[in-house]
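File shown: data.tsv. Contents: TSV, C-alpha atoms.
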chain	number	residue	atom	x	y	z
M	154	MET	CA	-81.07	73.93	6.50
M	155	GLY	CA	-79.46	71.74	3.85
M	156	LEU	CA	-78.41	68.14	4.17
M	157	GLN	CA	-75.06	67.36	5.80
M	158	ILE	CA	-73.38	63.94	5.74
M	159	ASP	CA	-70.21	63.56	7.80
M	160	GLY	CA	-70.07	67.35	8.05
M	161	ILE	CA	-70.14	67.81	4.27
M	162	ASP	CA	-72.87	69.89	2.60
M	163	ILE	CA	-74.70	67.62	0.17
M	164	HIS	CA	-76.98	68.65	-2.69
M	165	GLU	CA	-79.67	66.13	-3.61
M	166	THR	CA	-82.90	65.62	-5.49
M	167	VAL	CA	-85.68	63.40	-4.19
M	168	ILE	CA	-88.58	62.93	-6.62
M	169	GLY	CA	-91.42	60.54	-7.32
M	170	SER	CA	-93.31	57.99	-5.26
M	171	GLY	CA	-93.22	54.24	-4.82
M	172	GLN	CA	-90.36	51.83	-4.14
M	173	LYS	CA	-87.22	53.66	-3.09
M	174	MET	CA	-84.32	53.97	-5.51
M	175	LEU	CA	-80.78	55.32	-5.12
M	176	PHE	CA	-78.95	56.79	-8.12
M	177	LEU	CA	-75.21	57.57	-8.13
M	178	HIS	CA	-73.77	59.75	-10.90
M	179	GLY	CA	-70.44	59.45	-12.69
M	180	TRP	CA	-67.22	61.46	-12.51
M	181	GLY	CA	-67.16	65.18	-13.24
M	182	VAL	CA	-70.93	65.79	-13.15
M	183	GLY	CA	-73.74	65.94	-10.62
M	184	HIS	CA	-77.02	64.06	-10.65
M	185	GLU	CA	-78.78	66.81	-12.62
M	186	SER	CA	-77.07	65.57	-15.81
M	187	TYR	CA	-79.36	62.52	-15.56
M	188	LEU	CA	-82.68	64.29	-14.93
M	189	PRO	CA	-84.52	62.93	-18.03
M	190	LEU	CA	-83.82	59.38	-16.81
M	191	LEU	CA	-84.58	60.20	-13.17
M	192	ARG	CA	-87.93	61.77	-14.10
M	193	HIS	CA	-88.94	58.62	-15.96
M	194	LEU	CA	-87.99	56.45	-12.98
M	195	ALA	CA	-89.89	58.77	-10.63
M	196	ALA	CA	-93.16	57.66	-12.24
M	197	THR	CA	-92.84	54.33	-10.38
M	198	HIS	CA	-90.17	54.95	-7.71
M	199	THR	CA	-89.10	57.48	-5.12
M	200	VAL	CA	-85.70	58.42	-6.54
M	201	TYR	CA	-82.93	59.63	-4.24
M	202	ALA	CA	-80.10	61.24	-6.21
M	203	PRO	CA	-77.32	62.93	-4.22
M	204	ASP	CA	-74.30	64.75	-5.62
M	205	MET	CA	-71.41	62.83	-4.10
M	206	PRO	CA	-68.78	64.92	-2.28
M	207	GLY	CA	-66.64	66.87	-4.73
M	208	PHE	CA	-69.20	66.77	-7.56
M	209	GLY	CA	-72.14	68.84	-8.73
M	210	LYS	CA	-73.25	71.24	-6.02
M	211	SER	CA	-71.96	69.21	-3.07
M	212	ALA	CA	-68.87	70.34	-1.15
M	213	GLU	CA	-65.54	68.56	-1.57
M	214	PRO	CA	-64.49	65.99	1.02
M	215	PRO	CA	-61.98	67.18	3.65
M	216	GLN	CA	-59.21	65.11	2.04
M	217	ALA	CA	-58.74	62.89	-1.00
M	218	TRP	CA	-61.09	59.90	-0.80
M	219	ASP	CA	-60.72	56.39	-2.15
M	220	VAL	CA	-63.52	54.07	-3.27
M	221	ASP	CA	-64.04	52.67	0.24
M	222	ARG	CA	-64.55	56.14	1.66
M	223	TYR	CA	-67.14	56.93	-1.02
M	224	ALA	CA	-68.89	53.65	-0.22
M	225	ASP	CA	-68.91	54.71	3.45
M	226	PHE	CA	-70.52	57.99	2.38
M	227	VAL	CA	-73.28	56.17	0.48
M	228	GLU	CA	-74.01	54.04	3.55
M	229	ALA	CA	-74.16	57.17	5.71
M	230	TYR	CA	-76.44	58.91	3.20
M	231	CYS	CA	-78.79	55.93	3.09
M	232	LYS	CA	-78.91	55.78	6.89
M	233	ALA	CA	-79.73	59.50	7.06
M	234	LYS	CA	-82.54	59.10	4.49
M	235	GLY	CA	-83.92	55.87	5.91
M	236	LEU	CA	-83.00	53.80	2.85
M	237	THR	CA	-82.58	50.15	3.80
M	238	GLU	CA	-83.66	48.32	0.62
M	239	PRO	CA	-83.36	50.75	-2.29
M	240	VAL	CA	-82.95	49.66	-5.88
M	241	CYS	CA	-79.40	50.86	-6.67
M	242	MET	CA	-78.21	52.43	-9.90
M	243	GLY	CA	-74.84	53.90	-10.80
M	244	HIS	CA	-73.07	55.24	-13.87
M	245	SER	CA	-69.30	55.05	-14.39
M	246	ASN	CA	-67.66	56.15	-11.11
M	247	GLY	CA	-71.04	55.78	-9.38
M	248	GLY	CA	-71.01	52.18	-10.59
M	249	ARG	CA	-67.51	51.77	-9.15
M	250	VAL	CA	-68.76	52.90	-5.73
M	251	LEU	CA	-71.72	50.52	-5.94
M	252	LEU	CA	-69.44	47.60	-6.85
M	253	ARG	CA	-67.46	48.21	-3.67
M	254	LEU	CA	-70.55	48.71	-1.52
M	255	LEU	CA	-72.47	45.70	-2.82
M	256	SER	CA	-69.45	43.40	-2.43
M	257	ARG	CA	-69.05	44.16	1.28
M	258	ASP	CA	-69.81	41.36	3.74
M	259	ASN	CA	-72.29	43.47	5.71
M	260	PRO	CA	-73.35	46.44	3.57
M	261	GLY	CA	-75.54	49.05	5.22
M	262	ILE	CA	-78.24	48.50	2.60
M	263	ARG	CA	-79.91	45.41	1.14
M	264	PRO	CA	-80.99	46.32	-2.40
M	265	PRO	CA	-83.37	43.92	-4.17
M	266	ARG	CA	-81.57	44.61	-7.47
M	267	ALA	CA	-78.95	46.86	-9.04
M	268	VAL	CA	-78.30	48.53	-12.39
M	269	LEU	CA	-74.83	49.53	-13.56
M	270	PHE	CA	-74.42	51.83	-16.54
M	271	SER	CA	-70.90	51.51	-18.01
M	272	ALA	CA	-69.50	50.97	-14.54
M	273	ALA	CA	-65.88	51.80	-13.79
M	274	GLY	CA	-63.73	49.77	-11.42
M	275	LEU	CA	-61.70	47.33	-13.52
M	276	LYS	CA	-58.10	48.06	-14.43
M	277	PRO	CA	-57.49	47.73	-18.17
M	278	LYS	CA	-54.77	45.55	-19.61
M	279	ARG	CA	-51.79	47.73	-20.49
M	280	GLY	CA	-49.23	47.35	-23.23
M	281	LEU	CA	-45.58	48.45	-23.43
M	282	ARG	CA	-46.55	51.83	-24.88
M	283	TYR	CA	-48.59	52.66	-21.79
M	284	TYR	CA	-45.75	51.84	-19.38
M	285	ILE	CA	-43.27	53.87	-21.40
M	286	LYS	CA	-45.66	56.81	-21.08
M	287	VAL	CA	-46.11	56.27	-17.33
M	288	TYR	CA	-42.41	56.05	-16.53
M	289	THR	CA	-41.62	59.03	-18.77
M	290	TYR	CA	-44.20	60.97	-16.75
M	291	LYS	CA	-42.69	59.83	-13.42
M	292	ILE	CA	-39.17	60.78	-14.49
M	293	ALA	CA	-40.37	64.19	-15.68
M	294	LYS	CA	-42.10	64.75	-12.32
M	295	CYS	CA	-38.85	64.08	-10.48
M	296	PHE	CA	-36.96	66.61	-12.57
M	297	LEU	CA	-39.70	69.25	-12.29
M	298	LYS	CA	-40.39	68.82	-8.56
M	299	PRO	CA	-38.25	71.87	-7.58
M	300	PHE	CA	-40.34	73.96	-10.00
M	301	PRO	CA	-44.00	73.66	-8.85
M	302	LYS	CA	-45.52	75.89	-11.54
M	303	ALA	CA	-43.74	74.03	-14.33
M	304	LEU	CA	-44.78	70.71	-12.76
M	305	GLU	CA	-48.43	71.76	-12.65
M	306	ARG	CA	-48.30	72.88	-16.30
M	307	TYR	CA	-46.80	69.52	-17.26
M	308	ARG	CA	-49.47	67.62	-15.32
M	309	ALA	CA	-52.23	69.68	-16.92
M	310	LYS	CA	-50.87	68.97	-20.38
M	311	LYS	CA	-50.49	65.22	-19.86
M	312	GLY	CA	-53.61	64.48	-17.81
M	313	SER	CA	-57.05	63.52	-19.15
M	314	ALA	CA	-59.76	66.11	-19.66
M	315	ASP	CA	-61.42	64.99	-16.39
M	316	TYR	CA	-58.10	65.28	-14.58
M	317	ARG	CA	-57.38	68.74	-15.97
M	318	ALA	CA	-60.83	69.99	-14.96
M	319	ALA	CA	-60.55	68.73	-11.37
M	320	SER	CA	-59.37	70.70	-8.34
M	321	PRO	CA	-56.04	69.63	-6.75
M	322	LEU	CA	-57.89	67.63	-4.07
M	323	MET	CA	-60.12	65.89	-6.62
M	324	LYS	CA	-57.08	65.10	-8.78
M	325	SER	CA	-55.68	63.21	-5.78
M	326	THR	CA	-59.08	61.57	-5.33
M	327	MET	CA	-59.09	60.46	-8.98
M	328	SER	CA	-55.66	58.89	-8.55
M	329	LYS	CA	-56.86	56.95	-5.50
M	330	LEU	CA	-59.99	55.73	-7.26
M	331	LEU	CA	-58.12	54.62	-10.38
M	332	SER	CA	-55.50	52.73	-8.36
M	333	VAL	CA	-58.00	50.09	-7.16
M	334	ASP	CA	-59.04	47.07	-9.22
M	335	LEU	CA	-62.43	45.68	-8.13
M	336	LEU	CA	-62.17	42.46	-10.14
M	337	ASP	CA	-62.07	40.31	-6.97
M	338	ALA	CA	-65.18	42.06	-5.65
M	339	LEU	CA	-67.41	40.90	-8.51
M	340	PRO	CA	-68.08	37.29	-7.36
M	341	ARG	CA	-69.16	38.61	-3.94
M	342	ILE	CA	-72.06	40.62	-5.37
M	343	LYS	CA	-75.22	38.62	-4.66
M	344	VAL	CA	-77.75	41.17	-5.94
M	345	PRO	CA	-79.47	40.56	-9.31
M	346	THR	CA	-77.59	43.02	-11.50
M	347	LEU	CA	-78.42	44.54	-14.88
M	348	LEU	CA	-75.47	45.91	-16.87
M	349	ILE	CA	-76.19	48.46	-19.62
M	350	TRP	CA	-73.26	49.34	-21.87
M	351	GLY	CA	-72.41	51.29	-24.99
M	352	GLU	CA	-70.85	49.08	-27.63
M	353	ASP	CA	-68.29	51.78	-28.54
M	354	ASP	CA	-67.51	52.92	-24.99
M	355	THR	CA	-63.85	53.96	-24.74
M	356	ALA	CA	-63.91	55.12	-21.10
M	357	THR	CA	-65.10	51.77	-19.74
M	358	PRO	CA	-64.83	49.33	-22.65
M	359	LEU	CA	-67.54	46.80	-23.44
M	360	ALA	CA	-65.03	44.09	-22.50
M	361	ASP	CA	-65.40	45.31	-18.89
M	362	GLY	CA	-69.15	44.82	-19.09
M	363	LYS	CA	-68.73	41.31	-20.45
M	364	LYS	CA	-66.28	40.48	-17.67
M	365	MET	CA	-68.73	41.78	-15.04
M	366	GLU	CA	-71.53	39.74	-16.59
M	367	ARG	CA	-69.36	36.64	-16.34
M	368	LEU	CA	-68.13	37.18	-12.77
M	369	ILE	CA	-71.17	38.66	-10.99
M	370	PRO	CA	-73.23	35.56	-10.10
M	371	ASP	CA	-76.65	36.91	-11.17
M	372	ALA	CA	-75.97	39.44	-13.93
M	373	GLY	CA	-77.21	40.20	-17.42
M	374	LEU	CA	-75.76	42.55	-20.03
M	375	ALA	CA	-77.67	44.79	-22.45
M	376	VAL	CA	-75.62	46.51	-25.17
M	377	LEU	CA	-76.71	49.76	-26.83
M	378	PRO	CA	-75.29	51.63	-29.84
M	379	GLY	CA	-73.04	54.45	-28.66
M	380	GLY	CA	-70.36	55.23	-26.13
M	381	HIS	CA	-70.03	56.01	-22.43
M	382	TRP	CA	-73.37	57.87	-22.32
M	383	ALA	CA	-75.27	55.49	-24.58
M	384	PHE	CA	-77.91	54.84	-21.93
M	385	MET	CA	-78.84	58.53	-21.94
M	386	GLU	CA	-78.43	59.06	-25.68
M	387	ARG	CA	-80.70	56.05	-26.33
M	388	LEU	CA	-83.09	56.84	-23.52
M	389	THR	CA	-86.12	55.21	-25.17
M	390	HIS	CA	-84.24	51.90	-25.42
M	391	THR	CA	-82.88	52.28	-21.90
M	392	VAL	CA	-86.22	52.82	-20.21
M	393	ARG	CA	-87.75	49.83	-22.00
M	394	ILE	CA	-84.97	47.63	-20.68
M	395	LEU	CA	-85.25	49.14	-17.19
M	396	ASP	CA	-89.04	48.83	-17.05
M	397	SER	CA	-88.75	45.14	-17.89
M	398	PHE	CA	-85.98	44.53	-15.31
M	399	LEU	CA	-87.67	46.52	-12.53
The structure given in the file should be rewritten as structure tokens.
Amino acid sequence: MGLQIDGIDIHETVIGSGQKMLFLHGWGVGHESYLPLLRHLAATHTVYAPDMPGFGKSAEPPQAWDVDRYADFVEAYCKAKGLTEPVCMGHSNGGRVLLRLLSRDNPGIRPPRAVLFSAAGLKPKRGLRYYIKVYTYKIAKCFLKPFPKALERYRAKKGSADYRAASPLMKSTMSKLLSVDLLDALPRIKVPTLLIWGEDDTATPLADGKKMERLIPDAGLAVLPGGHWAFMERLTHTVRILDSFL
């Protein structure tokens, strides 16, 4: 029988031996996209890598979730697996979930350290052009509301690639996740935190990494050539940095 958390079928990989480690993937993929990194870590750690609800081979949540609900899921997963002090790692949206979890007053886990790869969670500064686009979209939605098929075509055309690829429920989930700014959570993170970023990241800009380094009390930033997946594309560099930190 497979693993169930809160009644949701969860796909996971557990590999390696040694100190326990939790890895949370980013948006639109499951943990198997990170297997080369996970296999390296498994040489010194027992790596627990679940597909979060709605991603990879795990079932979708029963309704659209926000970042707090995903943090609740991670706590429930760790309780089910007996993880009390795992090293925590997260990429992009997985980093967002970890930021929320690690900033809680009484988190269900007490990690000795954390690693965030191009973590999401900070709202970018927006210019006039962005707001014109947003309000044009909202006005168009009002006019197209009586015509559901036309509205869905318009949304598909205007949304990001991740948004277009998502199911209706996960589109709502994406909206909930993106609506929260975790800036105020950063000073409450007391775990030694390594930030690894791509210098040309456009999904979560390097400026976000620098801000996290400044506001998380015990944080350091390592910058790699590349974009949002620089830590995987430059795996040799990444594992050298990780081996030193861990």
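Near region 206-214 of chain M, within 6 Å and counting only C-alpha atoms, sit Asp162, Ile163, His164, Val182 and Gly183 of chain M, not including residues fewer than 4 positions from it in the same chain.
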Take the residues from that selection and put them in a file with C-alpha atoms, as an mmCIF file, in the coordinates of the input.
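result35.cif written:
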data_model
loop_
_atom_site.group_PDB
_atom_site.id
_atom_site.type_symbol
_atom_site.label_atom_id
_atom_site.label_comp_id
_atom_site.auth_asym_id
_atom_site.auth_seq_id
_atom_site.Cartn_x
_atom_site.Cartn_y
_atom_site.Cartn_z
ATOM 1 C CA ASP M 162 -72.870 69.890 2.600
ATOM 2 C CA ILE M 163 -74.700 67.620 0.170
ATOM 3 C CA HIS M 164 -76.980 68.650 -2.690
ATOM 4 C CA VAL M 182 -70.930 65.790 -13.150
ATOM 5 C CA GLY M 183 -73.740 65.940 -10.620
#
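Proximity ranking of M:Pro345, M:Gly247, M:Gly274, M:Pro378 relative to Thr357 (chain M) places M:Gly274 first, based on only C-alpha atoms.
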Pairwise distance for CA of Lys234 (chain M) and CA of Leu156 (chain M), rounded to one decimal in Å: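 Going from CA of Lys234 (chain M) over to CA of Leu156 (chain M), I get 9.9 Å.
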Top pick for closest residue to His390 (chain M), considering M:Ala356, M:Leu190, M:Ala224, M:Ile158 and counting only C-alpha atoms: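 So, comparing all the options, the nearest one is M:Leu190.
Our summary of the geometry notes that CA of Gly261 (chain M) is positioned 7.9 Å from CA of Cys231 (chain M).
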Surrounding residues of Gly181 (chain M) excluding itself and chain neighbours under 6 positions, 12 Å, all atoms listed in the file, as a list in words: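 Everything that qualifies: Asp204, Met205, Pro206, Gly207, Phe208, Gly209, Lys210, Ser211, His244, Ser245, Asn246, Gly247, Ser313, Ala314, Asp315, Tyr316, Arg317, Ala318, Ala319, Ser320, Met323, Lys324, Thr326 and Met327 of chain M.
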Written file, previous selection with C-alpha atoms, as a PDB file, keeping the file's coordinate frame:
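Result file out.pdb:
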ATOM      1  CA  ASP M 204     -74.300  64.750  -5.620  1.00  0.00           C
ATOM      2  CA  MET M 205     -71.410  62.830  -4.100  1.00  0.00           C
ATOM      3  CA  PRO M 206     -68.780  64.920  -2.280  1.00  0.00           C
ATOM      4  CA  GLY M 207     -66.640  66.870  -4.730  1.00  0.00           C
ATOM      5  CA  PHE M 208     -69.200  66.770  -7.560  1.00  0.00           C
ATOM      6  CA  GLY M 209     -72.140  68.840  -8.730  1.00  0.00           C
ATOM      7  CA  LYS M 210     -73.250  71.240  -6.020  1.00  0.00           C
ATOM      8  CA  SER M 211     -71.960  69.210  -3.070  1.00  0.00           C
ATOM      9  CA  HIS M 244     -73.070  55.240 -13.870  1.00  0.00           C
ATOM     10  CA  SER M 245     -69.300  55.050 -14.390  1.00  0.00           C
ATOM     11  CA  ASN M 246     -67.660  56.150 -11.110  1.00  0.00           C
ATOM     12  CA  GLY M 247     -71.040  55.780  -9.380  1.00  0.00           C
ATOM     13  CA  SER M 313     -57.050  63.520 -19.150  1.00  0.00           C
ATOM     14  CA  ALA M 314     -59.760  66.110 -19.660  1.00  0.00           C
ATOM     15  CA  ASP M 315     -61.420  64.990 -16.390  1.00  0.00           C
ATOM     16  CA  TYR M 316     -58.100  65.280 -14.580  1.00  0.00           C
ATOM     17  CA  ARG M 317     -57.380  68.740 -15.970  1.00  0.00           C
ATOM     18  CA  ALA M 318     -60.830  69.990 -14.960  1.00  0.00           C
ATOM     19  CA  ALA M 319     -60.550  68.730 -11.370  1.00  0.00           C
ATOM     20  CA  SER M 320     -59.370  70.700  -8.340  1.00  0.00           C
ATOM     21  CA  MET M 323     -60.120  65.890  -6.620  1.00  0.00           C
ATOM     22  CA  LYS M 324     -57.080  65.100  -8.780  1.00  0.00           C
ATOM     23  CA  THR M 326     -59.080  61.570  -5.330  1.00  0.00           C
ATOM     24  CA  MET M 327     -59.090  60.460  -8.980  1.00  0.00           C
TER      25      MET M 327
END
Nearest to Pro189 (chain M) by atom-to-atom distance, counting all atoms listed in the file, from M:Thr391, M:Gln172, M:Ser397, M:Gln157: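 Selected residue with least distance to Pro189 (chain M): M:Thr391.
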Nearest to Arg367 (chain M) by atom-to-atom distance, counting all atoms listed in the file, from M:Leu236, M:Ala383, M:Ile342, M:Leu388: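 Closest residue, counting all atoms listed in the file: M:Ile342.
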Atom-to-atom span, CA of Ile369 (chain M) and CA of Leu175 (chain M), Å: 20.1 Å
